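To start, the structure itself, in structure tokens.
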Protein chains: 2
Amino acid sequence: MRLNENFLNVKESYLFSEIAKKVNDYSAQNPDKKIIRLGIGDVTLPLVPAVIEALHKAVDEMGAQETFRGYGPEQGYDFLREKIVDYYKKNTIRLELDEVFVSDGAKSDVGNITDLFDKDNVVLIPDPVYPVYVDTNIMNGRKIEFLNANANNGFCPLPEGNTKADIIYLCSPNNPTGACYTKEQLKTWVDYALENDAVILYDAAYEIFVQDENLPRSIYEIDGAKRCAIEFCSLSKTAGFTGTRCGYTIVPKDLKVKVNKLKLLKIDSDVVEINKLWVRRQTTKFNGVPYIVQRGAEAVFTEEGQKQIMENINYYRANAKVIADTMDEIGIKYFGGVNSPYIWLKCPNGMKSWEFFDYLLENINVVGTPGAGFGENGEGYFRLTAFGDKDNTVEAMNRLKKLFGFEHQTEPEQEAEETKEDSE
Amino acid sequence: MRLNENFLNVKESYLFSEIAKKVNDYSAQNPDKKIIRLGIGDVTLPLVPAVIEALHKAVDEMGAQETFRGYGPEQGYDFLREKIVDYYKKNTIRLELDEVFVSDGAKSDVGNITDLFDKDNVVLIPDPVYPVYVDTNIMNGRKIEFLNANANNGFCPLPEGNTKADIIYLCSPNNPTGACYTKEQLKTWVDYALENDAVILYDAAYEIFVQDENLPRSIYEIDGAKRCAIEFCSLSKTAGFTGTRCGYTIVPKDLKVKVNKLKLLKIDSDVVEINKLWVRRQTTKFNGVPYIVQRGAEAVFTEEGQKQIMENINYYRANAKVIADTMDEIGIKYFGGVNSPYIWLKCPNGMKSWEFFDYLLENINVVGTPGAGFGENGEGYFRLTAFGDKDNTVEAMNRLKKLFGFEHQTEPEQEAEETKEDSE
């Protein structure tokens, strides 16, 4: 048996293990110090009451003969797909029910979608980047071109004169940089994709954090996007589903691809709907999201659920504002923080990412994520996140201000506590 | 963008849609007839109380700040992996914790495992077969050789003199035939795989139905299997998790593969553990099973949980016995039924599969699954399943006996009722 040796080309990421090691070593040597972790990429607030109630109800249904559910539709139950279609209507986007695919999370679908594409495609990925886009394509042996995201283009790179890509990954609001494409910028990408028969894989996992009404929350707000883009969404950050696992992917039926005429014997047309291939992929390799979880996800989209999750989002937004305001006060340049839970800051005094990591850990016992861990263009940058505890976030920023000579902070309300390990 | 055009070679299966159409047409023309469905491949009994209790408890944990869980380990929580290791100990199989991968079901893992293998492998699949093995390999463009399973070899084919395979799919107890390999037969396959550097993908989704203590419930009961086999298990049939979604896959660390020396730059040895590649695949493309579901799965493996699920299994086994006894009485040859929920019968009087389907539907209003739908060698066979309601199963068999001139059945206890649609 011969292995898919492309797997051997995937680089091990030591980012979070290296962070953990450094923090553990420091703690061991300084057991009295209270460390605050703002590198955390996982939510910390519990599921909202509307979701909990729906989950309990569904569990009861599974325990009774009359209401028990066995195999469900692989693409998700209609009760949930209908809610998602309604959710899009708020952004004046019209979707059909069978353009919505319920999944166990954006990560799975972002990875699995590559099943549909030939090995011989050029993949374009902005750097810095969420590593899953890179690794899943390396596993398939595809050629990857990196696109420079940097301070000059506001970490929102656009196609360049020599850009030649078949598959384009865009993430907005971006992980890790927090940067958001404007509608005009996204239009440039949609036009590029349509002109070049490329497909855009659009990761909208952080759309709920967009506050500016002029910024797009879905790529389908752009004319023509339904003919060139697949959108990945998740309840992970929206509703705290990182451990509950539910997301959804939109594959518009207008997204069609010409196929090689030699293969035409078994199909009616030389144009294939990607939607149909994804149905085929999912029905063959996936058995749907647990019924219980789909009922919990349904509750997210009720009026009550939306109200409750927005309270949590506003909690995280307030944390982001505390961090962003501190950067403004100290005079540290940053991206994100307003329409994103991530603050992507330029390390001060020309420090490199890991240098700044050590500096913060040793001087004020605050942990963040070195930008260099997200790609070459991340060097010299640093990611802080808004998913921590409010008091700890305030305390960490007070320590930072003090470190940079801004002494007028208030006393912390409580002692900082250890929060859980990062995982993303 | 170029598609993976292998997808266009996947044949649409019309098996269950054709069955549904025929049944609907018959019902429309005969609204007074009570149809009994014994084609059903989905469980019908609700989740057991121990599981329901564990699910409720986990839901409560997710609603409270102190006990909320975000991202979990992609390979599953240790509390569940430990239970699975213990479960294997009963069959005197020793596994390490990191050889156990918790998944959202055997179907996903059986499909996704193909990511690890090069396109240029010869895949050997017995016919008749669960279509996922075939379709997932067609999607990858691999060459498939079919192995004849038939009455002469008891639907348990062994390697033949000219067999040349790199990847071998075995399913025991088998879907659709209900046939079980003996330890001696499995040993033949393990020896073949070891001699030929092949890997066995062993689908043990129905292991719980094995009653005969001499028959293997895991391929690891065979010496040497850890060096050549991956085993896929599921709680779908074991504990009624078809709509709750949890399974587990065993990838032994002794399973190693030599790699092409040219690719050695980035690795330490020319031998690679498949286990490590699967870790890499799962951490990159999967985010684990919902915490809530893993707590429900944990409860399956408690003493109370095992007792409760065995009551359900015994209910289904009793149905299987009713069907098998009826076949014996009428004199219809069949496979399975004792160590399997499936009864795979030879259509009487030389009827073809669809002919017998129409015959039963029209004469006694009983629905089964035509064996021809599972591959060429299924022609002339028919699948009945034990997952239906007890009274309906008894009633269906009484009708069958009457049809074949065996009139001494007792009266049915109640009217037959419609059961849900088949899905597998």
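Just remember, in the structure tokens the first chain shown is A, the second B, etc., residues are 1-based per chain, and ligands are 1-based in the order shown.
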
When DSSP works through the backbone of this structure, what residues of segment 148-188 of chain B end up as strand (DSSP E), shown as JSON, numbers by chain? {"B": [148, 167, 168, 169, 170, 171]}

Those residues with all heavy atoms, as a PDB file, in the first residue's frame please?
ATOM      1  N   ASN B 148     -15.661 -11.799  -5.529  1.00  0.00           N
ATOM      2  CA  ASN B 148     -16.974 -12.449  -5.528  1.00  0.00           C
ATOM      3  C   ASN B 148     -17.334 -13.018  -4.171  1.00  0.00           C
ATOM      4  O   ASN B 148     -16.709 -13.970  -3.703  1.00  0.00           O
ATOM      5  CB  ASN B 148     -17.011 -13.591  -6.548  1.00  0.00           C
ATOM      6  CG  ASN B 148     -17.160 -13.067  -7.960  1.00  0.00           C
ATOM      7  OD1 ASN B 148     -17.861 -12.067  -8.185  1.00  0.00           O
ATOM      8  ND2 ASN B 148     -16.499 -13.712  -8.898  1.00  0.00           N
ATOM      9  N   ILE B 167      -5.289  -2.260  -0.762  1.00  0.00           N
ATOM     10  CA  ILE B 167      -6.247  -1.848   0.267  1.00  0.00           C
ATOM     11  C   ILE B 167      -7.435  -2.798   0.181  1.00  0.00           C
ATOM     12  O   ILE B 167      -7.997  -2.993  -0.904  1.00  0.00           O
ATOM     13  CB  ILE B 167      -6.716  -0.396   0.017  1.00  0.00           C
ATOM     14  CG1 ILE B 167      -5.525   0.574   0.079  1.00  0.00           C
ATOM     15  CG2 ILE B 167      -7.796   0.007   1.014  1.00  0.00           C
ATOM     16  CD1 ILE B 167      -5.857   1.991  -0.379  1.00  0.00           C
ATOM     17  N   ILE B 168      -7.787  -3.407   1.315  1.00  0.00           N
ATOM     18  CA  ILE B 168      -8.825  -4.442   1.324  1.00  0.00           C
ATOM     19  C   ILE B 168      -9.934  -4.031   2.291  1.00  0.00           C
ATOM     20  O   ILE B 168      -9.674  -3.755   3.459  1.00  0.00           O
ATOM     21  CB  ILE B 168      -8.229  -5.789   1.791  1.00  0.00           C
ATOM     22  CG1 ILE B 168      -7.112  -6.230   0.840  1.00  0.00           C
ATOM     23  CG2 ILE B 168      -9.320  -6.847   1.910  1.00  0.00           C
ATOM     24  CD1 ILE B 168      -6.104  -7.155   1.493  1.00  0.00           C
ATOM     25  N   TYR B 169     -11.154  -3.980   1.799  1.00  0.00           N
ATOM     26  CA  TYR B 169     -12.300  -3.675   2.655  1.00  0.00           C
ATOM     27  C   TYR B 169     -12.962  -4.974   3.101  1.00  0.00           C
ATOM     28  O   TYR B 169     -13.350  -5.798   2.274  1.00  0.00           O
ATOM     29  CB  TYR B 169     -13.330  -2.835   1.903  1.00  0.00           C
ATOM     30  CG  TYR B 169     -12.929  -1.388   1.728  1.00  0.00           C
ATOM     31  CD1 TYR B 169     -12.099  -0.992   0.692  1.00  0.00           C
ATOM     32  CD2 TYR B 169     -13.392  -0.418   2.609  1.00  0.00           C
ATOM     33  CE1 TYR B 169     -11.729   0.346   0.537  1.00  0.00           C
ATOM     34  CE2 TYR B 169     -13.036   0.919   2.465  1.00  0.00           C
ATOM     35  CZ  TYR B 169     -12.201   1.287   1.423  1.00  0.00           C
ATOM     36  OH  TYR B 169     -11.836   2.605   1.278  1.00  0.00           O
ATOM     37  N   LEU B 170     -13.091  -5.139   4.415  1.00  0.00           N
ATOM     38  CA  LEU B 170     -13.836  -6.279   4.951  1.00  0.00           C
ATOM     39  C   LEU B 170     -14.866  -5.743   5.936  1.00  0.00           C
ATOM     40  O   LEU B 170     -14.574  -4.811   6.702  1.00  0.00           O
ATOM     41  CB  LEU B 170     -12.893  -7.257   5.665  1.00  0.00           C
ATOM     42  CG  LEU B 170     -11.790  -7.910   4.827  1.00  0.00           C
ATOM     43  CD1 LEU B 170     -10.913  -8.801   5.715  1.00  0.00           C
ATOM     44  CD2 LEU B 170     -12.357  -8.725   3.670  1.00  0.00           C
ATOM     45  N   CYS B 171     -16.053  -6.314   5.922  1.00  0.00           N
ATOM     46  CA  CYS B 171     -17.114  -5.911   6.836  1.00  0.00           C
ATOM     47  C   CYS B 171     -17.716  -7.175   7.423  1.00  0.00           C
ATOM     48  O   CYS B 171     -18.236  -8.011   6.682  1.00  0.00           O
ATOM     49  CB  CYS B 171     -18.179  -5.104   6.092  1.00  0.00           C
ATOM     50  SG  CYS B 171     -19.610  -4.666   7.109  1.00  0.00           S
TER      51      CYS B 171
END

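For the choices A:Pro173, A:Gln294, A:Asp191, A:Leu384, the atom-to-atom distance to Lys321 of chain A is smallest for A:Leu384 when using only C-alpha atoms.
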
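Comparing the minimum interatomic distances between Ile93 of chain A and each of A:Tyr359, A:Lys226, A:Asn349, A:Phe387, counting only C-alpha atoms, we find that A:Lys226 sits nearest.
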
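The residue that comes closest to Lys119 of chain B, out of B:Leu403, B:Leu97, B:Ala151, B:Ile144 and on the basis of only C-alpha atoms, is B:Ile144.
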
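Checking A:Asp325, A:Glu99, A:Asp104, A:Asp203 one by one against chain B, counting only C-alpha atoms, you find the shortest gap at A:Asp104.
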
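Rounded to one decimal, atom CA of Ser236 of chain B and atom CA of Phe357 of chain B lie 26.8 Å from each other.
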
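When atom CA of Val251 of chain A is paired with atom CA of Asn275 of chain A, their separation reads 5.4 Å.
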